[in-house]
file run.cif (mmCIF, C-alpha atoms)
data_upload
#
loop_
_atom_site.group_PDB
_atom_site.id
_atom_site.type_symbol
_atom_site.label_atom_id
_atom_site.label_comp_id
_atom_site.auth_asym_id
_atom_site.auth_seq_id
_atom_site.Cartn_x
_atom_site.Cartn_y
_atom_site.Cartn_z
ATOM 1 C CA MET O 49 -1.309 17.588 -2.555
ATOM 2 C CA GLN O 50 -3.816 17.358 0.270
ATOM 3 C CA GLN O 51 -2.695 15.694 3.482
ATOM 4 C CA ARG O 52 -4.609 13.198 5.601
ATOM 5 C CA LEU O 53 -4.180 11.850 9.114
ATOM 6 C CA VAL O 54 -3.342 8.154 9.371
ATOM 7 C CA GLY O 55 -5.983 6.555 11.568
ATOM 8 C CA HIS O 56 -6.407 8.048 15.030
ATOM 9 C CA SER O 57 -2.883 9.475 15.087
ATOM 10 C CA GLY O 58 -1.099 12.714 14.377
ATOM 11 C CA LEU O 59 0.826 11.266 11.435
ATOM 12 C CA ARG O 60 0.027 13.234 8.289
ATOM 13 C CA VAL O 61 0.667 11.874 4.803
ATOM 14 C CA SER O 62 -0.186 12.877 1.265
ATOM 15 C CA ARG O 63 -3.414 11.298 0.044
ATOM 16 C CA LEU O 64 -1.431 9.409 -2.575
ATOM 17 C CA GLY O 65 1.641 7.321 -1.730
ATOM 18 C CA LEU O 66 4.572 6.244 -3.889
ATOM 19 C CA GLY O 67 5.274 2.507 -4.115
ATOM 20 C CA THR O 68 8.766 1.175 -4.770
ATOM 21 C CA MET O 69 8.339 -2.562 -5.298
ATOM 22 C CA GLY O 70 10.300 -2.649 -8.566
ATOM 23 C CA TRP O 71 13.088 -0.308 -7.518
ATOM 24 C CA GLY O 72 16.548 -1.787 -7.804
ATOM 25 C CA THR O 73 15.289 -4.598 -10.057
ATOM 26 C CA ASP O 74 12.929 -3.483 -12.831
ATOM 27 C CA ILE O 75 13.586 0.215 -12.159
ATOM 28 C CA ASP O 76 17.109 1.616 -11.930
ATOM 29 C CA GLU O 77 18.281 4.304 -9.530
ATOM 30 C CA GLN O 78 18.132 7.153 -12.038
ATOM 31 C CA GLU O 79 14.508 6.414 -12.894
ATOM 32 C CA ALA O 80 13.695 6.045 -9.201
ATOM 33 C CA ALA O 81 15.269 9.460 -8.560
ATOM 34 C CA ASP O 82 13.144 10.996 -11.301
ATOM 35 C CA GLN O 83 10.028 9.522 -9.735
ATOM 36 C CA VAL O 84 10.879 10.822 -6.264
ATOM 37 C CA ARG O 85 11.531 14.280 -7.678
ATOM 38 C CA VAL O 86 8.192 14.334 -9.503
ATOM 39 C CA PHE O 87 6.363 12.982 -6.441
ATOM 40 C CA LEU O 88 7.852 15.466 -3.980
ATOM 41 C CA ASP O 89 7.355 18.389 -6.369
ATOM 42 C CA ALA O 90 3.660 17.477 -6.512
ATOM 43 C CA GLY O 91 3.439 17.637 -2.712
ATOM 44 C CA GLY O 92 3.619 13.890 -2.124
ATOM 45 C CA THR O 93 5.153 12.710 1.138
ATOM 46 C CA LEU O 94 4.484 8.973 1.708
ATOM 47 C CA ILE O 95 7.097 6.632 0.207
ATOM 48 C CA ASP O 96 6.526 2.933 0.868
ATOM 49 C CA THR O 97 9.036 0.108 0.576
ATOM 50 C CA ALA O 98 9.794 -3.293 2.138
ATOM 51 C CA PRO O 99 12.854 -5.516 2.666
ATOM 52 C CA VAL O 100 11.324 -8.290 0.565
ATOM 53 C CA TYR O 101 11.037 -6.032 -2.497
ATOM 54 C CA GLY O 102 13.934 -7.191 -4.654
ATOM 55 C CA ASP O 103 15.438 -8.925 -1.607
ATOM 56 C CA GLY O 104 16.457 -5.560 -0.194
ATOM 57 C CA ALA O 105 17.158 -3.829 -3.512
ATOM 58 C CA SER O 106 14.210 -1.446 -3.116
ATOM 59 C CA GLU O 107 15.286 -0.289 0.343
ATOM 60 C CA SER O 108 18.892 0.038 -0.840
ATOM 61 C CA THR O 109 17.781 2.218 -3.742
ATOM 62 C CA VAL O 110 15.760 4.453 -1.438
ATOM 63 C CA GLY O 111 18.783 4.659 0.870
ATOM 64 C CA SER O 112 21.057 5.599 -2.012
ATOM 65 C CA LEU O 113 18.687 8.393 -3.030
ATOM 66 C CA LEU O 114 18.550 9.692 0.533
ATOM 67 C CA SER O 115 22.334 9.773 0.741
ATOM 68 C CA GLY O 116 22.577 11.323 -2.719
ATOM 69 C CA GLY O 117 20.765 14.572 -2.077
ATOM 70 C CA PHE O 118 17.124 13.913 -1.225
ATOM 71 C CA THR O 119 16.208 14.908 2.333
ATOM 72 C CA ARG O 120 13.524 13.575 4.661
ATOM 73 C CA ASP O 121 12.194 17.011 5.587
ATOM 74 C CA HIS O 122 8.984 16.503 3.618
ATOM 75 C CA MET O 123 9.045 12.726 3.381
ATOM 76 C CA VAL O 124 7.206 10.034 5.350
ATOM 77 C CA LEU O 125 9.242 6.853 5.018
ATOM 78 C CA ALA O 126 7.394 3.549 5.440
ATOM 79 C CA THR O 127 8.745 0.015 5.340
ATOM 80 C CA LYS O 128 7.746 -3.401 6.613
ATOM 81 C CA GLY O 129 8.964 -6.529 8.343
ATOM 82 C CA GLY O 130 7.998 -10.162 8.745
ATOM 83 C CA ILE O 131 8.583 -11.588 5.265
ATOM 84 C CA GLN O 132 12.018 -12.779 4.215
ATOM 85 C CA ARG O 133 13.699 -15.195 1.841
ATOM 86 C CA ARG O 134 15.417 -18.331 3.094
ATOM 87 C CA ASN O 135 16.986 -20.720 0.597
ATOM 88 C CA GLN O 136 15.131 -18.989 -2.262
ATOM 89 C CA THR O 137 11.803 -19.499 -0.466
ATOM 90 C CA ARG O 138 9.657 -16.646 0.811
ATOM 91 C CA THR O 139 8.938 -17.179 4.507
ATOM 92 C CA ILE O 140 6.640 -15.389 6.940
ATOM 93 C CA ASP O 141 8.363 -14.874 10.280
ATOM 94 C CA SER O 142 7.041 -12.229 12.643
ATOM 95 C CA SER O 143 8.908 -13.476 15.698
ATOM 96 C CA ARG O 144 10.586 -10.877 17.894
ATOM 97 C CA ARG O 145 14.015 -11.943 16.681
ATOM 98 C CA ALA O 146 13.125 -11.847 12.984
ATOM 99 C CA LEU O 147 11.297 -8.529 13.182
ATOM 100 C CA LEU O 148 13.944 -6.662 15.147
ATOM 101 C CA ASP O 149 16.849 -8.145 13.175
ATOM 102 C CA GLY O 150 14.972 -7.246 10.007
ATOM 103 C CA LEU O 151 14.365 -3.714 11.240
ATOM 104 C CA ASP O 152 18.077 -3.193 11.898
ATOM 105 C CA ALA O 153 18.845 -4.490 8.396
ATOM 106 C CA SER O 154 16.254 -2.117 6.910
ATOM 107 C CA LEU O 155 17.783 0.822 8.742
ATOM 108 C CA ARG O 156 21.206 -0.075 7.362
ATOM 109 C CA ARG O 157 19.957 -0.379 3.795
ATOM 110 C CA LEU O 158 17.992 2.853 4.052
ATOM 111 C CA GLY O 159 20.872 4.639 5.764
ATOM 112 C CA VAL O 160 18.605 6.155 8.421
ATOM 113 C CA ASP O 161 18.272 6.002 12.197
ATOM 114 C CA TRP O 162 14.504 5.679 12.332
ATOM 115 C CA ILE O 163 11.426 4.782 10.268
ATOM 116 C CA ASP O 164 8.257 6.879 10.190
ATOM 117 C CA LEU O 165 5.884 3.921 9.707
ATOM 118 C CA TRP O 166 6.869 0.283 10.267
ATOM 119 C CA GLN O 167 4.347 -2.361 9.246
ATOM 120 C CA VAL O 168 4.058 -6.093 9.953
ATOM 121 C CA HIS O 169 3.874 -7.384 6.394
ATOM 122 C CA ALA O 170 1.708 -10.467 7.004
ATOM 123 C CA TRP O 171 0.001 -12.466 9.757
ATOM 124 C CA ASP O 172 2.230 -15.154 11.240
ATOM 125 C CA SER O 173 0.165 -18.105 12.475
ATOM 126 C CA LEU O 174 3.195 -19.726 14.129
ATOM 127 C CA THR O 175 4.250 -16.818 16.347
ATOM 128 C CA PRO O 176 2.204 -15.687 19.369
ATOM 129 C CA LEU O 177 0.581 -12.354 18.566
ATOM 130 C CA ASP O 178 1.831 -10.845 21.814
ATOM 131 C CA GLU O 179 5.414 -11.574 20.750
ATOM 132 C CA THR O 180 4.933 -9.907 17.365
ATOM 133 C CA LEU O 181 3.294 -6.818 18.820
ATOM 134 C CA SER O 182 5.797 -6.487 21.661
ATOM 135 C CA ALA O 183 8.490 -6.158 18.982
ATOM 136 C CA LEU O 184 6.611 -3.140 17.616
ATOM 137 C CA ASP O 185 6.439 -1.621 21.092
ATOM 138 C CA HIS O 186 10.172 -2.156 21.572
ATOM 139 C CA ALA O 187 10.989 -0.617 18.201
ATOM 140 C CA VAL O 188 9.129 2.563 19.136
ATOM 141 C CA ALA O 189 10.518 2.635 22.691
ATOM 142 C CA THR O 190 14.080 2.438 21.365
ATOM 143 C CA GLY O 191 13.544 5.288 18.904
ATOM 144 C CA ARG O 192 13.923 3.233 15.744
ATOM 145 C CA VAL O 193 10.270 3.623 14.712
ATOM 146 C CA ARG O 194 7.719 6.431 15.111
ATOM 147 C CA TYR O 195 4.419 4.731 14.152
ATOM 148 C CA VAL O 196 3.392 1.123 13.547
ATOM 149 C CA GLY O 197 0.878 -0.686 11.377
ATOM 150 C CA ILE O 198 -0.005 -3.994 9.763
ATOM 151 C CA SER O 199 -0.501 -5.343 6.246
ATOM 152 C CA ASN O 200 -2.531 -8.154 4.689
ATOM 153 C CA PHE O 201 -4.327 -9.009 7.956
ATOM 154 C CA SER O 202 -7.887 -10.337 7.749
ATOM 155 C CA GLY O 203 -10.727 -8.584 9.568
ATOM 156 C CA TRP O 204 -10.569 -10.678 12.738
ATOM 157 C CA GLN O 205 -6.775 -10.495 12.762
ATOM 158 C CA THR O 206 -6.928 -6.718 12.438
ATOM 159 C CA ALA O 207 -9.429 -6.375 15.274
ATOM 160 C CA ARG O 208 -7.525 -8.758 17.535
ATOM 161 C CA ALA O 209 -4.183 -7.010 17.008
ATOM 162 C CA ALA O 210 -5.638 -3.542 17.455
ATOM 163 C CA THR O 211 -7.552 -4.539 20.581
ATOM 164 C CA HIS O 212 -4.401 -6.051 22.083
ATOM 165 C CA GLN O 213 -2.528 -2.784 21.575
ATOM 166 C CA GLN O 214 -5.325 -0.718 23.066
ATOM 167 C CA ALA O 215 -5.801 -2.968 26.090
ATOM 168 C CA GLY O 216 -2.723 -2.185 28.155
ATOM 169 C CA PRO O 217 -0.511 0.759 29.150
ATOM 170 C CA GLY O 218 2.720 1.217 27.232
ATOM 171 C CA ARG O 219 1.494 -0.532 24.104
ATOM 172 C CA ILE O 220 1.768 1.388 20.852
ATOM 173 C CA PRO O 221 -1.511 1.624 18.909
ATOM 174 C CA LEU O 222 -1.690 0.442 15.317
ATOM 175 C CA VAL O 223 -2.380 3.364 12.985
ATOM 176 C CA SER O 224 -2.554 1.719 9.542
ATOM 177 C CA THR O 225 -3.289 -1.403 7.572
ATOM 178 C CA GLN O 226 -2.007 -1.839 4.020
ATOM 179 C CA MET O 227 -4.323 -3.997 1.910
ATOM 180 C CA GLU O 228 -5.021 -4.676 -1.744
ATOM 181 C CA TYR O 229 -8.036 -2.525 -2.599
ATOM 182 C CA SER O 230 -9.393 -1.393 -5.952
ATOM 183 C CA LEU O 231 -12.486 -1.547 -8.124
ATOM 184 C CA LEU O 232 -11.340 -5.072 -9.005
ATOM 185 C CA GLN O 233 -10.602 -6.154 -5.429
ATOM 186 C CA ARG O 234 -13.194 -4.995 -2.925
ATOM 187 C CA GLY O 235 -13.036 -7.980 -0.575
ATOM 188 C CA VAL O 236 -11.661 -5.789 2.226
ATOM 189 C CA GLU O 237 -15.048 -4.085 2.445
ATOM 190 C CA ARG O 238 -16.582 -7.188 4.027
ATOM 191 C CA GLU O 239 -14.672 -7.117 7.312
ATOM 192 C CA VAL O 240 -11.257 -5.424 7.105
ATOM 193 C CA VAL O 241 -12.466 -1.889 6.441
ATOM 194 C CA PRO O 242 -15.191 -2.022 9.114
ATOM 195 C CA ALA O 243 -12.693 -3.410 11.621
ATOM 196 C CA ALA O 244 -10.140 -0.729 10.729
ATOM 197 C CA GLN O 245 -12.681 2.062 11.093
ATOM 198 C CA ALA O 246 -13.928 0.710 14.420
ATOM 199 C CA MET O 247 -10.373 0.478 15.771
ATOM 200 C CA GLY O 248 -9.132 3.837 14.466
ATOM 201 C CA ILE O 249 -6.855 2.396 11.793
ATOM 202 C CA GLY O 250 -6.318 4.039 8.405
ATOM 203 C CA VAL O 251 -6.350 1.958 5.207
ATOM 204 C CA LEU O 252 -3.460 2.242 2.735
ATOM 205 C CA PRO O 253 -4.571 0.473 -0.478
ATOM 206 C CA TRP O 254 -1.897 -1.315 -2.482
ATOM 207 C CA SER O 255 -2.416 -2.022 -6.180
ATOM 208 C CA PRO O 256 -5.242 0.560 -6.377
ATOM 209 C CA LEU O 257 -5.230 0.242 -10.184
ATOM 210 C CA GLY O 258 -6.115 -3.445 -10.065
ATOM 211 C CA ARG O 259 -2.543 -4.575 -10.836
ATOM 212 C CA GLY O 260 -2.561 -2.182 -13.799
ATOM 213 C CA VAL O 261 -5.679 -3.621 -15.411
ATOM 214 C CA LEU O 262 -7.857 -0.582 -14.565
ATOM 215 C CA THR O 263 -5.707 1.634 -16.784
ATOM 216 C CA GLY O 264 -7.439 -0.040 -19.727
ATOM 217 C CA LYS O 265 -4.248 -1.205 -21.398
ATOM 218 C CA TYR O 266 -5.386 -4.845 -21.416
ATOM 219 C CA ARG O 267 -8.789 -4.217 -23.055
ATOM 220 C CA THR O 268 -7.768 -5.633 -26.448
ATOM 221 C CA GLY O 269 -4.954 -7.964 -25.452
ATOM 222 C CA ILE O 270 -1.737 -8.146 -23.470
ATOM 223 C CA PRO O 271 0.896 -5.613 -24.581
ATOM 224 C CA SER O 272 4.321 -7.217 -24.878
ATOM 225 C CA ASP O 273 5.937 -4.463 -22.797
ATOM 226 C CA SER O 274 3.404 -4.709 -19.958
ATOM 227 C CA ARG O 275 3.650 -6.597 -16.679
ATOM 228 C CA GLY O 276 0.964 -8.940 -17.927
ATOM 229 C CA GLY O 277 3.228 -9.990 -20.783
ATOM 230 C CA GLY O 278 6.377 -10.656 -18.768
ATOM 231 C CA ALA O 279 7.575 -11.954 -15.447
ATOM 232 C CA TRP O 280 4.534 -10.483 -13.668
ATOM 233 C CA ALA O 281 2.021 -12.371 -15.828
ATOM 234 C CA THR O 282 0.734 -14.570 -12.988
ATOM 235 C CA PHE O 283 0.255 -11.449 -10.827
ATOM 236 C CA VAL O 284 -1.929 -9.739 -13.434
ATOM 237 C CA GLU O 285 -3.790 -12.792 -14.734
ATOM 238 C CA PRO O 286 -6.480 -13.009 -11.980
ATOM 239 C CA PHE O 287 -7.923 -9.702 -13.192
ATOM 240 C CA LEU O 288 -8.077 -10.581 -16.873
ATOM 241 C CA ASP O 289 -11.425 -12.369 -16.651
ATOM 242 C CA ASP O 290 -14.873 -11.379 -17.923
ATOM 243 C CA THR O 291 -16.009 -9.943 -14.589
ATOM 244 C CA SER O 292 -13.022 -7.611 -14.443
ATOM 245 C CA ALA O 293 -13.503 -6.681 -18.098
ATOM 246 C CA ARG O 294 -16.992 -5.337 -17.337
ATOM 247 C CA VAL O 295 -15.595 -3.139 -14.592
ATOM 248 C CA VAL O 296 -12.777 -1.898 -16.819
ATOM 249 C CA GLU O 297 -15.241 -0.997 -19.574
ATOM 250 C CA ALA O 298 -17.306 0.986 -17.067
ATOM 251 C CA VAL O 299 -14.199 2.843 -15.894
ATOM 252 C CA CYS O 300 -13.163 3.649 -19.469
ATOM 253 C CA LYS O 301 -16.670 4.800 -20.359
ATOM 254 C CA ALA O 302 -16.770 7.078 -17.314
ATOM 255 C CA ALA O 303 -13.333 8.431 -18.156
ATOM 256 C CA GLU O 304 -14.408 9.241 -21.710
ATOM 257 C CA GLY O 305 -17.526 11.047 -20.532
ATOM 258 C CA LEU O 306 -15.659 13.037 -17.902
ATOM 259 C CA GLU O 307 -12.687 13.780 -20.187
ATOM 260 C CA MET O 308 -10.375 12.052 -17.739
ATOM 261 C CA SER O 309 -8.072 9.069 -17.969
ATOM 262 C CA PRO O 310 -9.130 5.628 -16.687
ATOM 263 C CA THR O 311 -6.246 5.916 -14.203
ATOM 264 C CA GLU O 312 -7.706 9.109 -12.742
ATOM 265 C CA VAL O 313 -11.179 7.602 -12.442
ATOM 266 C CA ALA O 314 -9.981 4.380 -10.773
ATOM 267 C CA LEU O 315 -7.654 6.176 -8.358
ATOM 268 C CA ALA O 316 -10.205 8.817 -7.400
ATOM 269 C CA TRP O 317 -12.761 6.110 -6.628
ATOM 270 C CA VAL O 318 -10.534 4.194 -4.194
ATOM 271 C CA ARG O 319 -8.908 7.314 -2.728
ATOM 272 C CA ASP O 320 -12.270 8.578 -1.512
ATOM 273 C CA ARG O 321 -13.641 5.313 -0.118
ATOM 274 C CA PRO O 322 -14.538 5.307 3.602
ATOM 275 C CA GLY O 323 -11.509 4.643 5.784
ATOM 276 C CA VAL O 324 -8.932 5.124 3.031
ATOM 277 C CA VAL O 325 -5.951 7.369 3.757
ATOM 278 C CA ALA O 326 -3.650 7.049 0.738
ATOM 279 C CA PRO O 327 -3.569 4.598 -2.175
ATOM 280 C CA ILE O 328 -0.002 3.428 -2.904
ATOM 281 C CA VAL O 329 0.761 3.796 -6.612
ATOM 282 C CA GLY O 330 3.698 2.195 -8.378
ATOM 283 C CA ALA O 331 5.008 3.385 -11.727
ATOM 284 C CA ARG O 332 7.674 2.221 -14.154
ATOM 285 C CA THR O 333 8.531 5.747 -15.319
ATOM 286 C CA ALA O 334 8.254 9.312 -14.079
ATOM 287 C CA ALA O 335 5.925 10.072 -16.990
ATOM 288 C CA GLN O 336 3.627 7.254 -15.901
ATOM 289 C CA LEU O 337 3.691 8.584 -12.346
ATOM 290 C CA ARG O 338 2.699 12.052 -13.552
ATOM 291 C CA GLY O 339 -0.358 10.453 -15.124
ATOM 292 C CA SER O 340 -1.395 9.184 -11.692
ATOM 293 C CA LEU O 341 -0.630 12.368 -9.779
ATOM 294 C CA THR O 342 -3.151 14.353 -11.831
ATOM 295 C CA VAL O 343 -5.840 12.616 -9.773
ATOM 296 C CA GLU O 344 -5.234 15.284 -7.137
ATOM 297 C CA GLU O 345 -7.408 17.614 -9.220
ATOM 298 C CA VAL O 346 -10.152 15.001 -9.728
ATOM 299 C CA GLU O 347 -13.396 14.529 -7.816
ATOM 300 C CA LEU O 348 -15.860 12.003 -9.211
ATOM 301 C CA PRO O 349 -19.503 13.069 -9.574
ATOM 302 C CA ASP O 350 -21.801 11.194 -7.206
ATOM 303 C CA GLU O 351 -23.687 9.487 -10.024
ATOM 304 C CA ILE O 352 -20.442 8.156 -11.558
ATOM 305 C CA GLU O 353 -19.260 6.903 -8.184
ATOM 306 C CA ARG O 354 -22.566 5.090 -7.649
ATOM 307 C CA ALA O 355 -22.412 3.543 -11.108
ATOM 308 C CA LEU O 356 -18.891 2.234 -10.442
ATOM 309 C CA ASP O 357 -20.045 0.941 -7.061
ATOM 310 C CA ASP O 358 -22.802 -1.001 -8.751
ATOM 311 C CA VAL O 359 -20.766 -2.559 -11.551
ATOM 312 C CA SER O 360 -17.984 -3.661 -9.185
ATOM 313 C CA ALA O 361 -20.179 -4.667 -6.236
ATOM 314 C CA ILE O 362 -19.162 -7.739 -4.253
ATOM 315 C CA ASP O 363 -21.517 -10.304 -2.767
ATOM 316 C CA LEU O 364 -22.385 -9.721 0.857
ATOM 317 C CA GLY O 365 -24.207 -12.301 2.907
ATOM 318 C CA TYR O 366 -24.585 -13.392 6.498
ATOM 319 C CA PRO O 367 -23.226 -12.016 8.744
ATOM 320 C CA GLU O 368 -21.963 -8.937 6.846
ATOM 321 C CA ALA O 369 -25.231 -8.020 5.128
#
call {"tool": "encode", "arguments": {"input": "run.cif", "output": "structure tokens"}}
result
Amino acid sequence: MQQRLVGHSGLRVSRLGLGTMGWGTDIDEQEAADQVRVFLDAGGTLIDTAPVYGDGASESTVGSLLSGGFTRDHMVLATKGGIQRRNQTRTIDSSRRALLDGLDASLRRLGVDWIDLWQVHAWDSLTPLDETLSALDHAVATGRVRYVGISNFSGWQTARAATHQQAGPGRIPLVSTQMEYSLLQRGVEREVVPAAQAMGIGVLPWSPLGRGVLTGKYRTGIPSDSRGGGAWATFVEPFLDDTSARVVEAVCKAAEGLEMSPTEVALAWVRDRPGVVAPIVGARTAAQLRGSLTVEEVELPDEIERALDDVSAIDLGYPEA
């Protein structure tokens, strides 16, 4: 698998990442091990997790795999901080105390001494930005983290955070931002992507298959064994409207004409967007993951890319347009 640099840094990752949100809950350790094996064999390196995934179950599963035989020699391990559960309620807390305590807990669950890429999971409007970012600096200075990034920050938040880190000596630059980005969710193109490119930050798209809808499996209904038919129904539902359906039909038509799968077409489109480093793909099975990894051999013709751009175009107005 080809490698790409993350932003203006020397960190190299595979141009497709492996997501682990369901590990330890929907996906057991054996299946997770099969996925890691398939991913690494294909030349993948970037494995992304977070403490809030399964309330730590995802990180614990990754840690168990690392202690059970998988090595980090060809692995870039990414996790996050700033979202936690308190009294069954998800809370954003990017204070210095919460971030650094959370980092230590992540290291324990993962069974490692350091993280390759540590990302602030969400903007915290209650904590001074300087306090949040100084925690990132401290994490790197103490050897617990190699590179730092952000996730789910708006355009102005991205620019403000990146500028802060570039403004003074000893501050660690942000190298990545992880955002939802797909043919069904192109809102980041208004301000986040331009801000990231201007500040030297690489984009790591999450849910690049439009929460699974771009695979085409919801074209004629909601399969009972799909996320849209179970506990994840509210997550998938926003992309089951008529607008999304038109985009999905265009993807499926392109896939048929190119003798590809809809998954390959949708992933190739987002993978090669300006500013993108590596879409993060999640899979329920190793076989499903293999179906995504074949995108490495795919390059979309220019006319197909333009057609998909047109059918999925978002409205731009003042001041973006």
call {"tool": "residues_around", "arguments": {"input": "run.cif", "residues": "stretch 316-332 of chain O", "least_positions_apart": "2", "cutoff": "7 Å", "atoms": "all atoms listed in the file", "output": "ChimeraX atom specification"}}
result
/O:52,54,62-68,75,230,241,245,250-256,312-314,336-337,343,346-348,353
call {"tool": "residues_around", "arguments": {"input": "run.cif", "residues": "stretch 291-304 of chain O", "least_positions_apart": "5", "cutoff": "8 Å", "atoms": "all atoms listed in the file", "output": "PyMOL selection string"}}
result
chain O and resi 231-232+261-264+267+309-310+312-314+352+356+359-360
call {"tool": "closest_residue", "arguments": {"input": "run.cif", "among": "O:Arg219, O:Thr137, O:Gly129, O:Met69", "to": "O:Ser106", "atoms": "all atoms listed in the file"}}
result
O:Met69
call {"tool": "atom_distance", "arguments": {"input": "run.cif", "atom1": "atom CA of O:Met227", "atom2": "atom CA of O:Gly248"}}
result
15.6 Å
call {"tool": "resolve_selection", "arguments": {"input": "run.cif", "expression": "the PyMOL selection byres ((chain O and resi 171) around 6)", "output": "number ranges by chain"}}
result
O: 170, 172, 201
call {"tool": "atom_distance", "arguments": {"input": "run.cif", "atom1": "atom CA of O:Ser224", "atom2": "atom CA of O:Leu315"}}
result
19.1 Å
call {"tool": "closest_residue", "arguments": {"input": "run.cif", "among": "O:Gly117, O:Arg144, O:Leu53, O:Ser108", "to": "O:Thr73", "atoms": "all atoms listed in the file"}}
result
O:Ser108
call {"tool": "residues_near_point", "arguments": {"input": "run.cif", "point": "(6.4, 3.3, 8.6)", "cutoff": "6 Å", "atoms": "all atoms listed in the file", "output": "list in words"}}
result
Leu125, Ala126, Thr127, Ile163, Asp164, Leu165 and Trp166 of chain O
call {"tool": "write_last_selection", "arguments": {"input": "run.cif", "atoms": "C-alpha atoms", "output": "PDB file, in the coordinates of the input"}}
result
ATOM      1  CA  LEU O 125       9.242   6.853   5.018  1.00  0.00           C
ATOM      2  CA  ALA O 126       7.394   3.549   5.440  1.00  0.00           C
ATOM      3  CA  THR O 127       8.745   0.015   5.340  1.00  0.00           C
ATOM      4  CA  ILE O 163      11.426   4.782  10.268  1.00  0.00           C
ATOM      5  CA  ASP O 164       8.257   6.879  10.190  1.00  0.00           C
ATOM      6  CA  LEU O 165       5.884   3.921   9.707  1.00  0.00           C
ATOM      7  CA  TRP O 166       6.869   0.283  10.267  1.00  0.00           C
TER       8      TRP O 166
END
call {"tool": "closest_residue", "arguments": {"input": "run.cif", "among": "O:Met49, O:Val86, O:Ala215, O:Val168", "to": "O:Ser199", "atoms": "all atoms listed in the file"}}
result
O:Val168
call {"tool": "atom_distance", "arguments": {"input": "run.cif", "atom1": "atom CA of O:Val124", "atom2": "atom CA of O:Val110"}}
result
12.3 Å
call {"tool": "residues_around", "arguments": {"input": "run.cif", "residues": "O:Leu174", "least_positions_apart": "3", "cutoff": "10 Å", "atoms": "all atoms listed in the file", "output": "list in words"}}
result
Ile140, Asp141, Ser142, Ser143, Trp171 and Leu177 of chain O
call {"tool": "closest_residue", "arguments": {"input": "run.cif", "among": "O:Val236, O:Ala207, O:Leu148, O:Leu288", "to": "O:Gly269", "atoms": "all atoms listed in the file"}}
result
O:Leu288
call {"tool": "closest_residue", "arguments": {"input": "run.cif", "among": "O:Gln167, O:Thr268, O:Gln83, O:Ser115", "to": "O:Ser340", "atoms": "all atoms listed in the file"}}
result
O:Gln83
call {"tool": "residues_around", "arguments": {"input": "run.cif", "residues": "O:Gly70", "least_positions_apart": "6", "cutoff": "12 Å", "atoms": "only C-alpha atoms", "output": "CSV table (one decimal) with C-alpha atoms, in the frame of the given file"}}
result
chain,number,residue,atom,x,y,z
O,76,ASP,CA,17.1,1.6,-11.9
O,77,GLU,CA,18.3,4.3,-9.5
O,79,GLU,CA,14.5,6.4,-12.9
O,80,ALA,CA,13.7,6.0,-9.2
O,96,ASP,CA,6.5,2.9,0.9
O,97,THR,CA,9.0,0.1,0.6
O,98,ALA,CA,9.8,-3.3,2.1
O,99,PRO,CA,12.9,-5.5,2.7
O,100,VAL,CA,11.3,-8.3,0.6
O,101,TYR,CA,11.0,-6.0,-2.5
O,102,GLY,CA,13.9,-7.2,-4.7
O,103,ASP,CA,15.4,-8.9,-1.6
O,104,GLY,CA,16.5,-5.6,-0.2
O,105,ALA,CA,17.2,-3.8,-3.5
O,106,SER,CA,14.2,-1.4,-3.1
O,107,GLU,CA,15.3,-0.3,0.3
O,108,SER,CA,18.9,0.0,-0.8
O,109,THR,CA,17.8,2.2,-3.7
O,110,VAL,CA,15.8,4.5,-1.4
O,275,ARG,CA,3.6,-6.6,-16.7
O,279,ALA,CA,7.6,-12.0,-15.4
O,280,TRP,CA,4.5,-10.5,-13.7
O,329,VAL,CA,0.8,3.8,-6.6
O,330,GLY,CA,3.7,2.2,-8.4
O,331,ALA,CA,5.0,3.4,-11.7
O,332,ARG,CA,7.7,2.2,-14.2
O,333,THR,CA,8.5,5.7,-15.3
call {"tool": "closest_residue", "arguments": {"input": "run.cif", "among": "O:Ser112, O:Asp363, O:Arg208, O:Gln50", "to": "O:Glu345", "atoms": "all atoms listed in the file"}}
result
O:Gln50
call {"tool": "resolve_selection", "arguments": {"input": "run.cif", "expression": "the PyMOL selection byres ((chain O and resi 57) around 9)", "output": "list in words"}}
result
Leu53, Val54, Gly55, His56, Gly58, Leu59, Arg60, Tyr195, Pro221, Val223, Gly248 and Ile249 of chain O
call {"tool": "axis_aligned_box", "arguments": {"input": "run.cif", "around": "stretch 158-166 of chain O", "padding_each_side": "3 Å", "output": "JSON"}}
result
{"center_x": 13.4, "center_y": 3.6, "center_z": 8.2, "size_x": 21.0, "size_y": 12.6, "size_z": 14.3}
call {"tool": "resolve_selection", "arguments": {"input": "run.cif", "expression": "the PyMOL selection byres ((chain O and resi 238) around 10)", "output": "MDAnalysis selection string"}}
result
chainID O and resid 202:203 234:237 239:243 362:365 367:369
call {"tool": "write_last_selection", "arguments": {"input": "run.cif", "atoms": "C-alpha atoms", "output": "short mmCIF file (atom, residue, chain, number, x, y, z; two decimals), keeping the file's coordinate frame"}}
result
data_model
loop_
_atom_site.label_atom_id
_atom_site.label_comp_id
_atom_site.auth_asym_id
_atom_site.auth_seq_id
_atom_site.Cartn_x
_atom_site.Cartn_y
_atom_site.Cartn_z
CA SER O 202 -7.89 -10.34 7.75
CA GLY O 203 -10.73 -8.58 9.57
CA ARG O 234 -13.19 -5.00 -2.92
CA GLY O 235 -13.04 -7.98 -0.57
CA VAL O 236 -11.66 -5.79 2.23
CA GLU O 237 -15.05 -4.08 2.44
CA GLU O 239 -14.67 -7.12 7.31
CA VAL O 240 -11.26 -5.42 7.10
CA VAL O 241 -12.47 -1.89 6.44
CA PRO O 242 -15.19 -2.02 9.11
CA ALA O 243 -12.69 -3.41 11.62
CA ILE O 362 -19.16 -7.74 -4.25
CA ASP O 363 -21.52 -10.30 -2.77
CA LEU O 364 -22.38 -9.72 0.86
CA GLY O 365 -24.21 -12.30 2.91
CA PRO O 367 -23.23 -12.02 8.74
CA GLU O 368 -21.96 -8.94 6.85
CA ALA O 369 -25.23 -8.02 5.13
#
